[in-house]
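Report on the structure given below.
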Amino acid sequence: MRRSSRRNSACSGCDAMDRSKLYRRFRTLLIANRGEIACRVIRTARAMGLRTVAVYSEADRDAMHVALADEAVLLGPARARDSYLNAERLIEAARKTGAEAVHPGYGFLSENAEFARACFDAGLVFVGPTAGMMTAMGSKSGSKALMEKAGVPLVPGYHGEAQDDATLAKAADKIGFPILVKASAGGGGRGMRIVRSAAELAPAIVSAKREAKAAFGDDRMLIEKYVDNPRHIEVQVIGDSQGNLLSLFERECTLQRRHQKVIEEAPSPTLNPAQRETVCAAARKAAGAVNYVGAGTIEFVSDGKDVFFIEMNTRLQVEHPVTELITGIDLVEWQLRVAFGEALPLKQDEIRLNGHAVEARVYAENPIKNFMPSVGKLSTWRLPAETGGLRIDAGYREGDAVSPYYDAMLAKMIAWAPTRDVAIDRLNRGLEDSDVRGIVTNIPFLSALITHPKVRTNAIDTGFIERELAALTSTAPAPGELELCAAAAAIVNDERQAAQGEANSPWQTFGWMPVGRRQRSFAFRVGHGPEQEISLNYGSGPSTLLIGERELAFTVAPKGGGFDLTLDGVKSSVAAVIDGHELYLRTRNGRFDLHWVDPFGGETEEQAGADKIAAPLPGTVVAVLAEEGAKLEKGAPILTLEVMKMEQTLRAPYAGVLKSIKCKVGDIVQEGTELAVVEASGE
């Protein structure tokens with residue numbers, strides 16, 4: 001069997017430009033992106049002998065991708081529209097450094113046809129499809145019309161050019177609620193809203209348009225029938241300039257929150273071999289409709305019986321590593337070879353599916369506080385070694401700053417194994433072996449998610465996380481004897497290490513005294529739960545720990561980032577990190593985050609009043625939703641902030657009157673800035 005070859009007139013002109021100018025060998029590559037994907041592209045490009053150029057904003061001067069590249073160019077201020085979304089500055093950076101090609105990564109300008117065209121006009125190779133292909137498939141509306149003509153199954157919907165409120169409302173009524181309002185351009189769940197009634201439609205369209213305009217510079221909308229209890233299946237495709245097109249199996253991305261993928265795996269555990277071939281054939285047909293060149297993804301929604309085309313992402317996906325691990329193919333390398341003008345190195349029947357891979361996205365966000373983004377300096381960054389089927393794609397290092405200006409993803413953790421169950425176990429162990437401090441992450445949430453019994457048995461749909469959110473974000477169980485002893489031992493071990501070099505420190509000889517014994521008490525709690533006490537007895541004879549009436553002999557031996565704790569004759573390996581009064585522990589029972597209640601530490605806990613309507617993080621005011629003097633019910637929306645490219649709506653803490661608004665649309669506000677005042681009604 002030859003490589004899949006296609007020539008389709010459905011998209012005439014999509015790649016009509018001179019191929020010798022579109023695809024040719026180059027030596028220097030500029031990566032028009034940041035974070036994890038920039039680091040990932042740089043590594044493969046350098047392994048292929050290419051010189052790499054990074055770009056950065058003022059907020060990213062010390063970022064990891066800047067350090068990895070051979071050269072780096074400052075684009076401008078922190079806001080993306082003044083830096084990473086500024087096509088002119090990106091092309092000027094390529095000109096200054098002698099770069100002959102541009103890799104757009106994902107997000108930012110990766111699916112912007114005008115940027116692809118501008119690169120071509122500037123004499124640069126764009127590592128991706130042509131502007132024509134991007135226009136045809138990058139528009140959700142246009143691509144659906146094209147897929148309908150090509151015979152690819154579609155979800156019922158409206159994909160027309162008319163965008164007035166009356167047209168969209170009429171289309172929604174015709175399709176029937178529930179519907180999905182979504183941005184015609186872009187992806188990542190931005191500019192997308194589920195609407196379950198006619199009354200919800202108008203505000204959903206306003207919010208989705210505003211978010212889409214900010215993220216993609218395009219606020220056109222389409223409307224689709226919302227498939228209840230759906231699954232998300234997507235197929236990786238790649239084409240070359242010789243007319244060859246391949247599918248590299250499928251991924252399942254059903255575990256989502258707010259339409260953004262959280263866990264991805266390949267192959268789909270939902271499809272049997274016959275279904276797999278059917279959906280992959282449909283994906284090749286879809287990509288073939290535009291004579292597609294480069295890496296791309298055809299996305300489908302499934303109702304459990306049939307699959308329907310959603311959209312094509314004309315770029316590399318965040319979740320591409322799971323496909324790489326089951327096929328042994330470096331997709332970035334293939335992207336670059338296609339951009340060189342080379343033919344794809346394998347035929348369709350030479351691509352083998354091997355094992356199972358699962359990926360988790362590690363974000364700077366607080367699941368307990370409605371996944372509020374977290375910003376700050378990474379004081380601790382410990383991720384496991386890439387061994388035993390585990391892969392880490394990271395964009396940050398210890399000491400790096402997480403800013404409020406960009407997407408909150410820090411890294412991706414990917415596990416491969418011969419079977420799905422073992423891959424999940426490996427991924428969970430990798431998450432448990434990780435510790436990130438200085439900001440809040442979703443690591444405990446990810447661990448709870450992938451070990452949930454229904455995830456194990458694949459009894460899920462795209463609404464699973466929202467339904468199970470309370471259980472997935474519940475407070476961790478109280479620590480047992482092992483954890484309390486480990487916490488006390490961690491503090492003592494930390495103090496002993498700090499005392500090294502202090503000749504007169506009592507901790508130099510901890511565990512022994514010539515006569516008598518002494519006692520030291522500790523108190524710990526999880527979150528705002530009750531305190532649990534433990535006492536350390538030391539002096540002449542062995543050291544012991546007293547919990548209630550039980551006295552347990554213990555010894556501590558430092559090891560790596562933790563220690564071996566021998567408790568009552570049983571030795572356990574403990575990972576421990578102490579950050580002020582916060583302790584992270586990993587024992588054989590899992591992850592534990594404890595607060596050390598130190599009576600001599602002078603600790604203070606800042607309590608913000610529930611009535612304080614203030615910016616939770618630095619952000620931009622994008623909408624004021626109530627007028628001064630308005631009577632508000634509890635929970636009524638007051639204003640909307642854009643934080644890390646996501647909208648956060650601040651609401652009335654109780655019923656009352658909106659006394660004042662202390663900001664206006666467009667204001668850039670800092671964390672803690674008071675934005676509004678509500679006076680309680682007294683009812």
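So you can find residues: chains in the structure tokens are A, B, ... in the order shown, residues in each start at 1, and ligands are numbered from 1 in order.
Non-sequential neighbours of Ser241 of chain A (distance at most 8 Å, separation of 6 or more positions within a chain, only C-alpha atoms) are A:Arg19, A:Tyr23, A:Val293, A:Val338, A:Gly341, A:Glu342, A:Ala343.
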Put those residues in a file: C-alpha atoms, as a PDB file, in the first residue's frame.
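Saved the output as out-v7.pdb:
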```
ATOM      1  CA  ARG A  19       5.803  25.157  -3.601  1.00  0.00           C
ATOM      2  CA  TYR A  23       8.535  24.536   1.391  1.00  0.00           C
ATOM      3  CA  VAL A 293      -0.104  19.971   4.253  1.00  0.00           C
ATOM      4  CA  VAL A 338       7.450  18.584   5.609  1.00  0.00           C
ATOM      5  CA  GLY A 341       9.701  19.934   1.201  1.00  0.00           C
ATOM      6  CA  GLU A 342      10.452  16.289   2.017  1.00  0.00           C
ATOM      7  CA  ALA A 343       7.988  13.430   1.617  1.00  0.00           C
TER       8      ALA A 343
END
```
Q: Would you mind listing what lies within 12 Å of segment 652-669 of chain A as a PyMOL selection string, with only C-alpha atoms counted and same-chain residues fewer than 5 positions away left out?
A: chain A and resi 79+214+404-405+609-643+674-683
Q: Compare A:Ala150, A:Thr314, A:Glu92, A:Cys253 by their minimum atom-to-atom distance to Pro104 of chain A, counting only C-alpha atoms, and give me the closest one.
A: A:Thr314
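Distance annotation: of A:Gly142, A:Pro230, A:Pro479, A:Gly328, the residue with the minimal separation from Glu350 of chain A is A:Gly328; atom set is only C-alpha atoms.
Put simply, atom CA of Ile329 of chain A is 10.8 Å away from atom CA of Leu353 of chain A.
The shell of residues at most 9 Å from Val262 of chain A, with only C-alpha atoms counted and near chain neighbours (fewer than 4 positions) removed, consists of Cys253, Thr254, Leu255, Gln256, Arg257, Glu359, Ala360, Arg361, Val362 and Leu446 of chain A.
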Residues just named, written with N, CA and C atoms as a PDB file, in the first residue's frame:
```
ATOM      1  N   CYS A 253     -10.315  12.745  24.204  1.00  0.00           N
ATOM      2  CA  CYS A 253     -10.131  13.939  25.034  1.00  0.00           C
ATOM      3  C   CYS A 253     -11.444  14.289  25.730  1.00  0.00           C
ATOM      4  N   THR A 254     -12.127  13.282  26.226  1.00  0.00           N
ATOM      5  CA  THR A 254     -13.457  13.469  26.800  1.00  0.00           C
ATOM      6  C   THR A 254     -13.415  14.163  28.156  1.00  0.00           C
ATOM      7  N   LEU A 255     -12.348  13.975  28.920  1.00  0.00           N
ATOM      8  CA  LEU A 255     -12.262  14.598  30.245  1.00  0.00           C
ATOM      9  C   LEU A 255     -11.903  16.069  30.084  1.00  0.00           C
ATOM     10  N   GLN A 256     -12.928  16.912  30.142  1.00  0.00           N
ATOM     11  CA  GLN A 256     -12.776  18.340  29.908  1.00  0.00           C
ATOM     12  C   GLN A 256     -13.467  19.127  31.011  1.00  0.00           C
ATOM     13  N   ARG A 257     -13.044  20.376  31.118  1.00  0.00           N
ATOM     14  CA  ARG A 257     -13.716  21.316  32.003  1.00  0.00           C
ATOM     15  C   ARG A 257     -13.796  22.652  31.290  1.00  0.00           C
ATOM     16  N   GLU A 359      -2.095  11.601  29.088  1.00  0.00           N
ATOM     17  CA  GLU A 359      -1.460  12.885  29.382  1.00  0.00           C
ATOM     18  C   GLU A 359      -2.308  13.692  30.349  1.00  0.00           C
ATOM     19  N   ALA A 360      -1.646  14.373  31.282  1.00  0.00           N
ATOM     20  CA  ALA A 360      -2.315  15.295  32.206  1.00  0.00           C
ATOM     21  C   ALA A 360      -1.685  16.676  32.057  1.00  0.00           C
ATOM     22  N   ARG A 361      -2.526  17.696  32.033  1.00  0.00           N
ATOM     23  CA  ARG A 361      -2.047  19.079  31.929  1.00  0.00           C
ATOM     24  C   ARG A 361      -1.924  19.677  33.329  1.00  0.00           C
ATOM     25  N   VAL A 362      -0.717  20.070  33.683  1.00  0.00           N
ATOM     26  CA  VAL A 362      -0.453  20.659  34.990  1.00  0.00           C
ATOM     27  C   VAL A 362      -0.610  22.176  34.873  1.00  0.00           C
ATOM     28  N   LEU A 446      -5.682  16.385  39.533  1.00  0.00           N
ATOM     29  CA  LEU A 446      -5.396  15.457  38.439  1.00  0.00           C
ATOM     30  C   LEU A 446      -5.268  14.031  38.950  1.00  0.00           C
TER      31      LEU A 446
END
```
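Here atom CA of Val322 of chain A and atom CA of Val235 of chain A stand 11.7 Å from one another.
For the set A:Val127, A:Leu222, A:Val597, A:Ala212, the residue with the smallest atom-to-atom gap to Ile175 of chain A is A:Leu222, counting only C-alpha atoms.
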